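A.B. asks: Take this structure, written in structure tokens, and hold onto it; I'll ask about it next.
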Amino acid sequence: MTPDFDVIVVGAGHAGAEAALAAAGSGLTVLVLTLNLETVGQMSCNPAIGGVAKGQLVREIDALGGWMGLWADQTGIQFRLLNAARGPAARSPRAQCDRKAYRTLVRRTLETAGRITLRPEMVTGIMVSNGAAVGVKTRSGRTWLSRSVVVTAGTFLAAVLHQGESVRPGGRMDEETAEELSRSLAGLGLEKKRFKTGTPPRISGRSINLAAVTLQPGDRDPKPFSYRTENFHPRQLPCYLTRTNAETNRVVRENLHRAPLYTGQIRGTGPRYCPSLEVKVRQFPEKTRHPVFLEPEGYDTDEVYVNGFATSLPVDVQEKALRTVAGLEEVRVLRHGYAVEYDYFPPWQLKPTLETRRVANLYLAGQVNGTSGYEEAAGQGLLAGINLTLKLKNRPPLVFSRSQAYLGVLISDLTTMDLQEPYRLFTSRAEYRLLLRADNADFRLMETGWQLGLIDERTRHRMLQQREAVTAELKRLRKTCLPGLKEAVSLEQYLRRPEKAYRDLEEIGQGRRLEERVRETVEIETKYAGYLEQDRVLAERMAAEMKMRIPEKFDYGALTGLSSEGREKLEKFRPETLEAARRLDGLRASDLALIFLRLR
Ligand SMILES: Cc1cc2nc3c(=O)[nH]c(=O)nc-3n(C[C@H](O)[C@H](O)[C@H](O)COP(=O)(O)OP(=O)(O)OC[C@H]3O[C@@H](n4cnc5c(N)ncnc54)[C@H](O)[C@@H]3O)c2cc1C
């Protein structure tokens, strides 16, 4: 049977779009099947890209030739660098986007990229021959053949929506649920589990009393996500801040008996780090002032997203609770909040390339792997697209280490952890966060993007010039002394003083005219040189030890002294390396030491 396409991507959300563009960008033919063309690139929840750790991830996706950063730059309505005053590892770009413009742009990109065919069809099954995926079946009765398949079905697998007492099938409000695809994947021997997530109400901006809320403007000098964005002058819209109060808590508390989360109606586990309003009230009753951010959904709409107010309480309770909040006394609700419960496939069943261990050429990416968030989905989609391309071209896979990229942290966490709740990235998940900054993402990864054919020569050339400029300037600062002093003080030592910045060097006539991004990296690399060096040495040493491979048939039963939980996990996950073993939840340091000694 001749394949119709090299790759079939199931779903055109954040993971699907990146996977399709990465494969097509490397010369493969791609069929994207998705439920509805109007919701290609839809942001299901908050219309915002980036944020803590996620912003760094978007910069990495961009450096490798992914699209999310470009789309956010072109459709952003407010840009902020979070934690700007904190250390460089914490600085994270974030953009509020125009929801409609974003999805329109994603769809247009897919339609005009070349080599991509986009069709609205519900996939109902994966076709497998000799242990490898060879195509899909759709509800219309068609079959499509391909050399590999990527499933990026998000929150749609056997999905159920909850809003108060109302329960109905759907992966998002007013959309379908994908029952058969979930069954088909489970039928291939993949274990599935259930998670839950929720979204807040959307309200009419004109019904907010602006006098009672606090203005949250965007940055005065906004910066784009993408290295490839030029002429960046976004027209920014303000957001607003208000807070819940004791009265909000009272309304929620009195209606907890109608909350699907507490009546037993919802059984899937939700994200602890992003609790719904009812969870906040029940678990932290002493807290009565939760922040609520009012974020516009776009330029041409009155709709405002109520960030911090995720809830699946009945609609009448949602309205009553909203009206207790300062500025929202007269609020008109346009869409109510709800929760979605869905199947996911625990990602320990995947190789670090996101190919399933059970079925060759079948890849899973995005929320189907138990993650949450557009950025985590996009990162996985990109890596799945890249890796399946490399496999089809008989080239070695692309797997980043934890000290190279947040993408490495993400994939190594996913493929070795037993998730207890939807997974999202935090800076605290990275051991070497000072190495994995937003400002140096291009310097770290763009060369790889270029080798993959996803970054053009001109862009790469500019990056190389800037990287050389950083190196040259660091050398000059080290070698040049401040003039007119009795004691020799290098410019590097001067810049390392906590109160000094590069512009101080310029003021005393010792600075160079550098591009802003070169200057930023020079400043960080100088000020944090000691810590950076320490991290680099540690990362190298660890990497050398942790690369040690564990044979597939390693006999954990014969290893005396292993903890019983550790043995159980090791036998279940069969980690390929010491590094993978180290990431296993529940594995003790002593367990790792025993394996290390036996391997030695
Ligand atoms: C109600 C709700 C609340 C959320 N809240 C948060 C939150 O608070 N924080 C957060 O970080 N994330 C939240 N999310 C999750 C966020 O939307 C996802 O993480 C992100 O969209 C995942 O991207 P994805 O590409 O994996 O899947 P999605 O964006 O869900 O895209 C899936 C795509 O697959 C298509 N599809 C599904 N099944 C089939 C099929 N059988 N055949 C063909 N096409 C199919 C769909 O049409 C869709 O295009 C929420 C999602 C929902 C629905």
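The way I read the labels, and the way they are meant: chains A, B, ... in the order of the structure tokens, residue 1 as the first residue of every chain, and ligand 1 as the first ligand shown, with later ones counted on from there.
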With only C-alpha atoms and all ligand atoms counted, collect every polymer residue having an atom within 7 Å of ligand 1; state the result as a PyMOL selection string.

C.D. replies: chain A and resi 10-16+33-36+39-46+121-124+152-157+171-172+177-178+181+197-199+274+338-340+365-368+371-374+377-378

A.B. asks: Excluding region 410-412 of chain A and any residue of its chain fewer than 4 positions from it, enumerate the residues within 7 Å of it, using only C-alpha atoms, and give them as a list in words.

C.D. replies: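 So, after excluding close chain neighbours, the residues are Pro352, Tyr406, Thr416 and Leu425 of chain A.
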
A.B. asks: Among region 319-538 of chain A, which residues carry a DSSP assignment of strand (DSSP E), reported as a list in words?

C.D. replies: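 Selection result, strand (DSSP E) within region 319-538 of chain A: Val333, Leu334, Arg335, Tyr338, Ala339, Val340, Glu341, Tyr342, Asp343, Tyr344, Leu362, Tyr363 and Leu364 of chain A.
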
A.B. asks: Store the residues picked out above in a file with all heavy atoms, as a CSV table (one decimal), in the first residue's frame.

C.D. replies:
```
chain,number,residue,atom,x,y,z
A,333,VAL,N,-22.4,38.5,32.1
A,333,VAL,CA,-21.5,37.4,31.8
A,333,VAL,C,-21.9,37.0,30.3
A,333,VAL,O,-23.0,36.8,30.0
A,333,VAL,CB,-21.8,36.2,32.7
A,333,VAL,CG1,-21.0,35.0,32.3
A,333,VAL,CG2,-21.5,36.6,34.2
A,334,LEU,N,-20.8,36.8,29.5
A,334,LEU,CA,-21.1,36.4,28.1
A,334,LEU,C,-20.9,34.9,27.9
A,334,LEU,O,-21.6,34.3,27.1
A,334,LEU,CB,-20.0,37.1,27.2
A,334,LEU,CG,-20.1,38.7,27.2
A,334,LEU,CD1,-19.0,39.3,26.4
A,334,LEU,CD2,-21.5,39.1,26.8
A,335,ARG,N,-20.0,34.3,28.7
A,335,ARG,CA,-19.8,32.8,28.7
A,335,ARG,C,-19.5,32.4,30.1
A,335,ARG,O,-18.7,33.1,30.8
A,335,ARG,CB,-18.6,32.4,27.8
A,335,ARG,CG,-18.8,32.7,26.4
A,335,ARG,CD,-17.4,32.4,25.7
A,335,ARG,NE,-17.2,33.3,24.5
A,335,ARG,CZ,-17.3,32.9,23.3
A,335,ARG,NH1,-17.6,31.7,23.0
A,335,ARG,NH2,-17.2,33.8,22.3
A,338,TYR,N,-16.5,26.6,33.1
A,338,TYR,CA,-16.9,25.1,33.1
A,338,TYR,C,-15.6,24.3,33.3
A,338,TYR,O,-14.5,24.9,33.2
A,338,TYR,CB,-17.6,24.7,31.8
A,338,TYR,CG,-16.8,24.8,30.6
A,338,TYR,CD1,-16.0,23.7,30.1
A,338,TYR,CD2,-16.7,26.0,29.9
A,338,TYR,CE1,-15.3,23.8,28.9
A,338,TYR,CE2,-15.9,26.1,28.7
A,338,TYR,CZ,-15.2,25.0,28.3
A,338,TYR,OH,-14.5,25.2,27.1
A,339,ALA,N,-15.8,23.0,33.6
A,339,ALA,CA,-14.6,22.1,33.7
A,339,ALA,C,-14.7,21.1,32.6
A,339,ALA,O,-15.8,20.8,32.2
A,339,ALA,CB,-14.6,21.5,35.1
A,340,VAL,N,-13.6,20.5,32.2
A,340,VAL,CA,-13.6,19.4,31.3
A,340,VAL,C,-12.8,18.3,31.9
A,340,VAL,O,-11.7,18.5,32.5
A,340,VAL,CB,-13.0,19.9,29.9
A,340,VAL,CG1,-11.6,20.4,30.1
A,340,VAL,CG2,-13.0,18.7,28.9
A,341,GLU,N,-13.3,17.1,31.8
A,341,GLU,CA,-12.6,15.8,32.2
A,341,GLU,C,-12.3,15.1,31.0
A,341,GLU,O,-13.2,14.9,30.1
A,341,GLU,CB,-13.6,15.0,33.1
A,341,GLU,CG,-13.1,14.7,34.4
A,341,GLU,CD,-14.2,13.8,35.1
A,341,GLU,OE1,-15.4,14.0,34.9
A,341,GLU,OE2,-13.8,13.0,35.9
A,342,TYR,N,-11.1,14.5,30.9
A,342,TYR,CA,-10.7,13.9,29.6
A,342,TYR,C,-9.7,12.8,29.9
A,342,TYR,O,-9.1,12.7,30.9
A,342,TYR,CB,-10.1,15.0,28.7
A,342,TYR,CG,-8.9,15.7,29.4
A,342,TYR,CD1,-7.6,15.3,29.3
A,342,TYR,CD2,-9.2,16.8,30.2
A,342,TYR,CE1,-6.6,15.9,30.0
A,342,TYR,CE2,-8.2,17.5,30.9
A,342,TYR,CZ,-6.9,17.0,30.8
A,342,TYR,OH,-5.9,17.7,31.5
A,343,ASP,N,-9.6,11.9,28.9
A,343,ASP,CA,-8.6,10.8,28.9
A,343,ASP,C,-7.2,11.4,28.5
A,343,ASP,O,-7.1,12.2,27.7
A,343,ASP,CB,-8.9,9.7,27.9
A,343,ASP,CG,-10.1,8.8,28.4
A,343,ASP,OD1,-10.5,8.9,29.6
A,343,ASP,OD2,-10.6,8.1,27.5
A,344,TYR,N,-6.2,10.9,29.2
A,344,TYR,CA,-4.8,11.1,28.7
A,344,TYR,C,-4.0,9.8,28.8
A,344,TYR,O,-4.4,8.9,29.5
A,344,TYR,CB,-4.1,12.3,29.5
A,344,TYR,CG,-3.7,11.9,30.8
A,344,TYR,CD1,-2.3,11.5,31.1
A,344,TYR,CD2,-4.5,11.9,31.9
A,344,TYR,CE1,-1.9,11.1,32.3
A,344,TYR,CE2,-4.1,11.5,33.2
A,344,TYR,CZ,-2.8,11.1,33.4
A,344,TYR,OH,-2.4,10.7,34.6
A,362,LEU,N,4.2,5.9,15.8
A,362,LEU,CA,3.0,6.5,16.4
A,362,LEU,C,3.5,7.5,17.5
A,362,LEU,O,4.2,7.0,18.5
A,362,LEU,CB,2.0,5.5,17.1
A,362,LEU,CG,0.8,6.1,17.8
A,362,LEU,CD1,-0.1,6.9,16.9
A,362,LEU,CD2,0.0,5.0,18.5
A,363,TYR,N,3.2,8.8,17.4
A,363,TYR,CA,3.7,9.8,18.3
A,363,TYR,C,2.5,10.4,19.0
A,363,TYR,O,1.5,10.6,18.4
A,363,TYR,CB,4.5,10.9,17.6
A,363,TYR,CG,5.8,10.4,17.0
A,363,TYR,CD1,5.8,9.6,15.8
A,363,TYR,CD2,7.0,10.7,17.5
A,363,TYR,CE1,6.9,9.1,15.2
A,363,TYR,CE2,8.2,10.2,16.9
A,363,TYR,CZ,8.2,9.4,15.8
A,363,TYR,OH,9.3,9.0,15.2
A,364,LEU,N,2.7,10.8,20.3
A,364,LEU,CA,1.7,11.5,21.0
A,364,LEU,C,2.3,12.8,21.5
A,364,LEU,O,3.4,12.8,22.0
A,364,LEU,CB,1.2,10.7,22.2
A,364,LEU,CG,0.6,9.3,22.0
A,364,LEU,CD1,0.0,8.8,23.4
A,364,LEU,CD2,-0.5,9.4,21.0
```

A.B. asks: Could you give me, as JSON lines, a per-residue list for region 326-422 of chain A showing, wherever an atom lies at most 10 Å from an atom of region 563-579 of chain A, the closest pair of atoms and their distance in Å to one decimal, using only C-alpha atoms and sorting by chain then residue number from low to high?

C.D. replies:
```
{"residue": "A:Trp348", "atom": "CA", "partner": "A:Phe573", "partner_atom": "CA", "distance": 6.7}
{"residue": "A:Gln349", "atom": "CA", "partner": "A:Phe573", "partner_atom": "CA", "distance": 8.0}
{"residue": "A:Lys351", "atom": "CA", "partner": "A:Glu576", "partner_atom": "CA", "distance": 9.4}
{"residue": "A:Pro352", "atom": "CA", "partner": "A:Glu576", "partner_atom": "CA", "distance": 9.9}
{"residue": "A:Ser401", "atom": "CA", "partner": "A:Glu579", "partner_atom": "CA", "distance": 9.5}
{"residue": "A:Arg402", "atom": "CA", "partner": "A:Glu579", "partner_atom": "CA", "distance": 9.7}
{"residue": "A:Ser412", "atom": "CA", "partner": "A:Glu579", "partner_atom": "CA", "distance": 8.7}
{"residue": "A:Thr415", "atom": "CA", "partner": "A:Phe573", "partner_atom": "CA", "distance": 8.9}
{"residue": "A:Thr416", "atom": "CA", "partner": "A:Phe573", "partner_atom": "CA", "distance": 7.2}
{"residue": "A:Met417", "atom": "CA", "partner": "A:Phe573", "partner_atom": "CA", "distance": 9.1}
{"residue": "A:Asp418", "atom": "CA", "partner": "A:Lys569", "partner_atom": "CA", "distance": 9.0}
```

A.B. asks: Hey, can you check how far CA of Ala259 (chain A) sits from CA of Ser312 (chain A)?

C.D. replies: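 Going from CA of Ala259 (chain A) over to CA of Ser312 (chain A), I get 6.8 Å.
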
A.B. asks: Rounded to one decimal, what separation in Å do you get between CA of Arg115 (chain A) and CA of Asp62 (chain A)?

C.D. replies: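 Between these atoms lies a distance of 20.9 Å.
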
A.B. asks: Could you work out how far CA of Gln404 (chain A) lies from CA of Leu436 (chain A), giving the answer in Å with one decimal?

C.D. replies: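 One can read the CA of Leu436 (chain A) to CA of Gln404 (chain A) distance as 6.9 Å.
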
A.B. asks: Based on the backbone DSSP call, show me all residues of region 378-532 of chain A assigned helix (DSSP H, G or I), as a PyMOL selection string.

C.D. replies: chain A and resi 378-392+406-416+427-429+441-451+457-479+491-496+502-507+516-527+529-532

A.B. asks: Find the residues near Glu431 (chain A): any atom within 9 Å, counting only C-alpha atoms, skip ones fewer than 3 places away on the same chain, and give them as an mmCIF file with N, CA, C and O atoms, in the first residue's frame.

C.D. replies:
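Below you can see selection07.cif, which holds the result:
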```cif
data_model
loop_
_atom_site.group_PDB
_atom_site.id
_atom_site.type_symbol
_atom_site.label_atom_id
_atom_site.label_comp_id
_atom_site.auth_asym_id
_atom_site.auth_seq_id
_atom_site.Cartn_x
_atom_site.Cartn_y
_atom_site.Cartn_z
ATOM 1 N N ARG A 402 18.832 18.085 30.210
ATOM 2 C CA ARG A 402 18.185 19.028 31.119
ATOM 3 C C ARG A 402 18.982 20.317 31.279
ATOM 4 O O ARG A 402 18.448 21.308 31.760
ATOM 5 N N SER A 403 20.263 20.300 30.914
ATOM 6 C CA SER A 403 21.031 21.540 31.039
ATOM 7 C C SER A 403 21.084 22.303 29.716
ATOM 8 O O SER A 403 21.609 23.397 29.649
ATOM 9 N N VAL A 409 14.088 19.463 29.868
ATOM 10 C CA VAL A 409 13.479 19.239 31.186
ATOM 11 C C VAL A 409 12.075 18.667 30.991
ATOM 12 O O VAL A 409 11.688 17.674 31.617
ATOM 13 N N THR A 427 9.981 27.112 36.618
ATOM 14 C CA THR A 427 11.444 27.265 36.590
ATOM 15 C C THR A 427 12.066 26.317 37.625
ATOM 16 O O THR A 427 13.169 25.825 37.437
ATOM 17 N N SER A 428 11.324 26.031 38.706
ATOM 18 C CA SER A 428 11.891 25.175 39.755
ATOM 19 C C SER A 428 12.096 23.734 39.287
ATOM 20 O O SER A 428 12.780 22.962 39.947
ATOM 21 N N LEU A 434 19.775 28.994 35.522
ATOM 22 C CA LEU A 434 20.552 30.166 35.114
ATOM 23 C C LEU A 434 21.140 29.962 33.710
ATOM 24 O O LEU A 434 21.414 30.916 32.991
ATOM 25 N N ASP A 535 27.425 26.060 37.415
ATOM 26 C CA ASP A 535 26.352 25.265 36.807
ATOM 27 C C ASP A 535 26.868 24.461 35.619
ATOM 28 O O ASP A 535 26.508 23.311 35.424
ATOM 29 N N ALA A 539 26.823 20.537 35.425
ATOM 30 C CA ALA A 539 26.021 19.914 34.361
ATOM 31 C C ALA A 539 26.867 18.924 33.572
ATOM 32 O O ALA A 539 26.426 17.819 33.255
#
```

A.B. asks: Could you list, as a list in words, every residue within 9 Å of Leu454 (chain A), counting only C-alpha atoms and ignoring same-chain residues fewer than 4 positions away?

C.D. replies: Ala22, Gly25, Ser26, Leu64, Gly65, Gly66, Thr448, Gly449 and Trp450 of chain A

A.B. asks: Take the selection from the previous step and output its residues with all heavy atoms, as an mmCIF file, in the first residue's frame.

C.D. replies:
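Result saved to part_1.cif:
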```
data_model
loop_
_atom_site.group_PDB
_atom_site.id
_atom_site.type_symbol
_atom_site.label_atom_id
_atom_site.label_comp_id
_atom_site.auth_asym_id
_atom_site.auth_seq_id
_atom_site.Cartn_x
_atom_site.Cartn_y
_atom_site.Cartn_z
ATOM 1 N N ALA A 22 6.710 21.650 11.491
ATOM 2 C CA ALA A 22 8.088 21.154 11.584
ATOM 3 C C ALA A 22 8.331 20.077 10.530
ATOM 4 O O ALA A 22 9.366 20.070 9.852
ATOM 5 C CB ALA A 22 8.359 20.602 12.979
ATOM 6 N N GLY A 25 8.155 21.684 7.081
ATOM 7 C CA GLY A 25 9.326 22.544 6.902
ATOM 8 C C GLY A 25 10.574 21.743 6.558
ATOM 9 O O GLY A 25 11.528 22.259 5.982
ATOM 10 N N SER A 26 10.575 20.449 6.917
ATOM 11 C CA SER A 26 11.724 19.601 6.594
ATOM 12 C C SER A 26 11.473 18.791 5.332
ATOM 13 O O SER A 26 12.189 17.831 5.063
ATOM 14 C CB SER A 26 12.016 18.636 7.741
ATOM 15 O OG SER A 26 12.061 19.321 8.943
ATOM 16 N N LEU A 64 14.316 27.134 17.599
ATOM 17 C CA LEU A 64 14.404 25.906 16.788
ATOM 18 C C LEU A 64 13.622 26.023 15.484
ATOM 19 O O LEU A 64 13.597 25.082 14.689
ATOM 20 C CB LEU A 64 13.861 24.718 17.594
ATOM 21 C CG LEU A 64 14.770 24.216 18.712
ATOM 22 C CD1 LEU A 64 14.050 23.192 19.563
ATOM 23 C CD2 LEU A 64 16.059 23.614 18.134
ATOM 24 N N GLY A 65 12.953 27.151 15.289
ATOM 25 C CA GLY A 65 12.213 27.324 14.040
ATOM 26 C C GLY A 65 10.721 27.074 14.191
ATOM 27 O O GLY A 65 9.999 27.000 13.192
ATOM 28 N N GLY A 66 10.244 26.945 15.445
ATOM 29 C CA GLY A 66 8.802 26.812 15.684
ATOM 30 C C GLY A 66 8.097 28.155 15.509
ATOM 31 O O GLY A 66 8.734 29.186 15.280
ATOM 32 N N THR A 448 20.943 24.398 16.022
ATOM 33 C CA THR A 448 20.242 23.126 15.813
ATOM 34 C C THR A 448 19.048 23.331 14.880
ATOM 35 O O THR A 448 18.808 22.531 13.969
ATOM 36 C CB THR A 448 19.747 22.561 17.170
ATOM 37 O OG1 THR A 448 20.863 22.486 18.039
ATOM 38 C CG2 THR A 448 19.118 21.199 17.020
ATOM 39 N N GLY A 449 18.301 24.425 15.092
ATOM 40 C CA GLY A 449 17.159 24.732 14.222
ATOM 41 C C GLY A 449 17.596 24.884 12.769
ATOM 42 O O GLY A 449 16.920 24.427 11.844
ATOM 43 N N TRP A 450 18.753 25.478 12.594
ATOM 44 C CA TRP A 450 19.282 25.667 11.235
ATOM 45 C C TRP A 450 19.694 24.319 10.619
ATOM 46 O O TRP A 450 19.391 24.025 9.465
ATOM 47 C CB TRP A 450 20.468 26.649 11.301
ATOM 48 C CG TRP A 450 21.205 26.783 10.017
ATOM 49 C CD1 TRP A 450 20.815 27.501 8.924
ATOM 50 C CD2 TRP A 450 22.450 26.162 9.675
ATOM 51 N NE1 TRP A 450 21.734 27.372 7.921
ATOM 52 C CE2 TRP A 450 22.756 26.554 8.356
ATOM 53 C CE3 TRP A 450 23.336 25.327 10.354
ATOM 54 C CZ2 TRP A 450 23.909 26.138 7.712
ATOM 55 C CZ3 TRP A 450 24.476 24.910 9.707
ATOM 56 C CH2 TRP A 450 24.758 25.313 8.402
#
```

A.B. asks: Set out as a tab-separated table a contact list for region 5-119 of chain A and region 283-295 of chain A with a cut-off of 10 Å, giving each residue of region 5-119 of chain A that qualifies its closest atom pair and distance in Å to one decimal, counting only C-alpha atoms, ordered by chain and rising residue number.

C.D. replies:
```
residue	atom	partner	partner_atom	distance
A:Asn46	CA	A:Glu295	CA	8.8
A:Pro47	CA	A:Glu295	CA	8.5
A:Ala48	CA	A:Glu295	CA	9.2
A:Ile77	CA	A:Glu295	CA	9.9
A:Gln78	CA	A:Glu295	CA	9.4
A:Gln96	CA	A:Glu295	CA	7.7
A:Cys97	CA	A:Glu295	CA	9.6
```

A.B. asks: Take the residues from that selection and write them out as a short mmCIF file (atom, residue, chain, number, x, y, z; two decimals), in the first residue's frame, keeping C-alpha atoms.

C.D. replies:
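Done, and the output landed in result_29.cif:
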```
data_model
loop_
_atom_site.label_atom_id
_atom_site.label_comp_id
_atom_site.auth_asym_id
_atom_site.auth_seq_id
_atom_site.Cartn_x
_atom_site.Cartn_y
_atom_site.Cartn_z
CA ASN A 46 -6.58 32.11 28.68
CA PRO A 47 -5.71 34.07 25.52
CA ALA A 48 -2.11 34.51 26.62
CA ILE A 77 -2.38 43.03 22.59
CA GLN A 78 -0.28 43.38 25.73
CA GLN A 96 -1.89 38.70 26.07
CA CYS A 97 -3.17 37.87 22.57
#
```

A.B. asks: Pick from A:Leu482, A:Met446, A:Val167, A:Val52: nearest to Arg458 (chain A), with only C-alpha atoms counted?

C.D. replies: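 For Arg458 (chain A), the nearest of the given residues is A:Met446.
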
A.B. asks: I'd like to know which of A:Asn387, A:Asn83, A:Val251, A:Glu330 is closest to Val150 (chain A), using only C-alpha atoms.

C.D. replies: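 Of the candidates, the smallest distance to Val150 (chain A) is held by A:Asn387.
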
A.B. asks: Can you tell me which residues surround Val134 (chain A) at a distance of at most 6 Å, considering only C-alpha atoms, apart from same-chain residues fewer than 4 positions away, and format the answer as JSON, numbers by chain?

C.D. replies: {"A": [127, 128, 145, 146, 147]}

A.B. asks: Next, dump the selected residues to file, keeping only N, CA, C and O atoms, as a tab-separated table (two decimals), in the first residue's frame.

C.D. replies:
```tsv
chain	number	residue	atom	x	y	z
A	127	MET	N	-4.53	3.00	12.43
A	127	MET	CA	-4.29	1.73	11.74
A	127	MET	C	-2.85	1.29	11.98
A	127	MET	O	-1.92	2.09	11.85
A	128	VAL	N	-2.73	0.00	12.34
A	128	VAL	CA	-1.40	-0.52	12.69
A	128	VAL	C	-1.13	-1.77	11.87
A	128	VAL	O	-2.01	-2.61	11.69
A	145	LEU	N	-3.59	6.69	4.56
A	145	LEU	CA	-2.36	5.95	4.88
A	145	LEU	C	-1.18	6.91	4.99
A	145	LEU	O	-1.11	7.92	4.28
A	146	SER	N	-0.26	6.58	5.88
A	146	SER	CA	0.91	7.45	6.06
A	146	SER	C	2.07	6.63	6.62
A	146	SER	O	1.90	5.48	7.02
A	147	ARG	N	3.22	7.27	6.68
A	147	ARG	CA	4.40	6.58	7.23
A	147	ARG	C	4.53	6.80	8.73
A	147	ARG	O	5.27	6.11	9.40
```

A.B. asks: Which residues are near Arg517 (chain A)? Cut-off 9 Å, only C-alpha atoms, ignore same chain within fewer than 5 positions. Put them as a count of residues only.

C.D. replies: 3

A.B. asks: Go through A:Gln534, A:Gln318, A:Asn249, A:Gln380 and flag the residue nearest Val58 (chain A), using only C-alpha atoms for the distances.

C.D. replies: A:Gln380

A.B. asks: Using only C-alpha atoms, which protein or nucleic acid residues come within 8 Å of Leu28 (chain A)? Drop anything in the same chain fewer than 3 positions from it, and give the result as JSON, numbers by chain.

C.D. replies: {"A": [6, 7, 23, 24, 25, 115, 389]}

A.B. asks: Using the selection just defined, write its residues with N, CA and C atoms as a PDB file, in the first residue's frame.

C.D. replies:
```
ATOM      1  N   ASP A   6       3.390  11.475   4.112  1.00  0.00           N
ATOM      2  CA  ASP A   6       4.449  11.023   5.019  1.00  0.00           C
ATOM      3  C   ASP A   6       3.926  10.984   6.457  1.00  0.00           C
ATOM      4  N   VAL A   7       3.172  12.011   6.809  1.00  0.00           N
ATOM      5  CA  VAL A   7       2.736  12.158   8.209  1.00  0.00           C
ATOM      6  C   VAL A   7       1.257  12.516   8.266  1.00  0.00           C
ATOM      7  N   ALA A  23       7.354  19.172  10.374  1.00  0.00           N
ATOM      8  CA  ALA A  23       7.541  18.087   9.399  1.00  0.00           C
ATOM      9  C   ALA A  23       7.522  18.651   7.974  1.00  0.00           C
ATOM     10  N   ALA A  24       6.557  19.526   7.696  1.00  0.00           N
ATOM     11  CA  ALA A  24       6.464  20.100   6.345  1.00  0.00           C
ATOM     12  C   ALA A  24       7.689  20.962   6.042  1.00  0.00           C
ATOM     13  N   GLY A  25       8.155  21.684   7.081  1.00  0.00           N
ATOM     14  CA  GLY A  25       9.326  22.544   6.902  1.00  0.00           C
ATOM     15  C   GLY A  25      10.574  21.743   6.558  1.00  0.00           C
ATOM     16  N   ARG A 115       2.955  21.831   1.280  1.00  0.00           N
ATOM     17  CA  ARG A 115       3.075  20.420   1.690  1.00  0.00           C
ATOM     18  C   ARG A 115       2.121  20.019   2.824  1.00  0.00           C
ATOM     19  N   THR A 389      10.437  13.232  11.654  1.00  0.00           N
ATOM     20  CA  THR A 389      11.127  13.550  10.403  1.00  0.00           C
ATOM     21  C   THR A 389      12.511  12.913  10.393  1.00  0.00           C
TER      22      THR A 389
END
```

A.B. asks: Choose the residue, out of A:Leu313, A:Val281, A:Leu592, A:Ile208, that has the smallest atom-to-atom separation from Tyr556 (chain A); count only C-alpha atoms.

C.D. replies: A:Leu592

A.B. asks: Given the choices A:Arg437, A:Arg220, A:Arg358, A:Leu445, which gets closest to Asn130 (chain A) if the distance is worked out from only C-alpha atoms?

C.D. replies: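 Of all the options, A:Arg358 lies closest to Asn130 (chain A).
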
A.B. asks: Go through A:Phe426, A:Glu18, A:Asn361, A:Gly298 and flag the residue nearest Ser92 (chain A), using only C-alpha atoms for the distances.

C.D. replies: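 Comparing A:Phe426, A:Glu18, A:Asn361, A:Gly298 against Ser92 (chain A), the winner is A:Phe426.
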